[in-house]
Amino acid sequence: MASKQDTTPIDVAWEDQRNLCTFGRMNRRFQELDVEVRRRNADLEKLTDAADEILIADDVKYVFGESFVALDADDVSALIDAKKETIESELKSLSEEKVVLEKAMNQLKSQLYAKFGSQVYLENE
């Protein structure tokens, strides 16, 4: 059962509303980053699997756009390694952005919970 404090209306100042909206934008961006990190990790895993398959393959075809091009296994291996490095650097920057966002969200969350208590819900489901 909810306590009396839970049903007491609280005046929401302009600053509080701005903080709530800021938190919402940060939370949405955090979730987008999380999806992007998962996608990049899946791409990295696929590239690792492809690099392993190149070692046992006799004939290697690489996809450029919508075309398959027959290339030397060493050349394809170099292309895959370059792509893996690119994805790893993207993963690093995405992870750093997630850390910064998480710190800012935790700070806003503590401010908003201090002001509104249980009348505001800021957790992911």
# chains A, B, ... in the order shown; residues from 1 in each chain; ligands from 1
>>> select_by_dssp(residues="range 2-121 of chain A", states="alpha helix (DSSP H)", output="count of residues only")
91
>>> residues_around(residues="Leu91 in chain A", least_positions_apart="2", cutoff="10 Å", atoms="only C-alpha atoms", output="PyMOL selection string")
chain A and resi 33+36-41+44+85-89+93-97
>>> write_last_selection(atoms="C-alpha atoms", output="PDB file, in the first residue's frame")
ATOM      1  CA  LEU A  33      24.729   2.973 -27.469  1.00  0.00           C
ATOM      2  CA  GLU A  36      25.252  -0.335 -31.082  1.00  0.00           C
ATOM      3  CA  VAL A  37      27.876  -1.985 -28.834  1.00  0.00           C
ATOM      4  CA  ARG A  38      26.079  -5.321 -29.081  1.00  0.00           C
ATOM      5  CA  ARG A  39      25.895  -4.976 -32.865  1.00  0.00           C
ATOM      6  CA  ARG A  40      29.592  -4.110 -33.131  1.00  0.00           C
ATOM      7  CA  ASN A  41      30.493  -7.081 -30.914  1.00  0.00           C
ATOM      8  CA  LEU A  44      33.599  -8.459 -34.577  1.00  0.00           C
ATOM      9  CA  GLU A  85      40.738  -2.719 -35.964  1.00  0.00           C
ATOM     10  CA  THR A  86      38.173  -0.183 -37.136  1.00  0.00           C
ATOM     11  CA  ILE A  87      35.384  -1.925 -35.241  1.00  0.00           C
ATOM     12  CA  GLU A  88      37.523  -2.256 -32.105  1.00  0.00           C
ATOM     13  CA  SER A  89      38.267   1.479 -32.135  1.00  0.00           C
ATOM     14  CA  SER A  93      34.749   5.150 -28.283  1.00  0.00           C
ATOM     15  CA  LEU A  94      31.194   3.855 -27.804  1.00  0.00           C
ATOM     16  CA  SER A  95      32.128   2.313 -24.466  1.00  0.00           C
ATOM     17  CA  GLU A  96      33.768   5.538 -23.310  1.00  0.00           C
ATOM     18  CA  GLU A  97      30.638   7.495 -24.235  1.00  0.00           C
TER      19      GLU A  97
END
>>> residues_around(residues="range 58-63 of chain A", least_positions_apart="2", cutoff="10 Å", atoms="only C-alpha atoms", output="list of chain:residue names")
A:Glu53, A:Ile54, A:Leu55, A:Ile56, A:Gly65, A:Glu66, A:Ser67, A:Phe68, A:Val69, A:Ala70, A:Leu71, A:Asp72, A:Ala73, A:Asp74, A:Asp75, A:Val76, A:Ser77, A:Leu79, A:Ile80
>>> closest_residue(among="A:Val100, A:Ala42, A:Val120, A:Leu108", to="Thr22 in chain A", atoms="only C-alpha atoms")
A:Leu108
>>> residues_around(residues="Ala104 in chain A", least_positions_apart="2", cutoff="12 Å", atoms="only C-alpha atoms", output="ChimeraX atom specification")
/A:19,22-27,30,97-102,106-111
>>> select_by_dssp(residues="chain A", states="strand (DSSP E)", output="list in words")
Val60, Lys61, Tyr62, Val63, Phe64, Ser67, Phe68, Val69, Ala70 and Leu71 of chain A
>>> residues_around(residues="Leu47 in chain A", least_positions_apart="6", cutoff="9 Å", atoms="only C-alpha atoms", output="JSON, numbers by chain")
{"A": [80, 81, 83, 84]}
>>> closest_residue(among="A:Val35, A:Gly117, A:Ala78, A:Leu112", to="Arg18 in chain A", atoms="only C-alpha atoms")
A:Leu112
>>> atom_distance(atom1="CA of Asp34 in chain A", atom2="CA of Asp16 in chain A")
26.6 Å
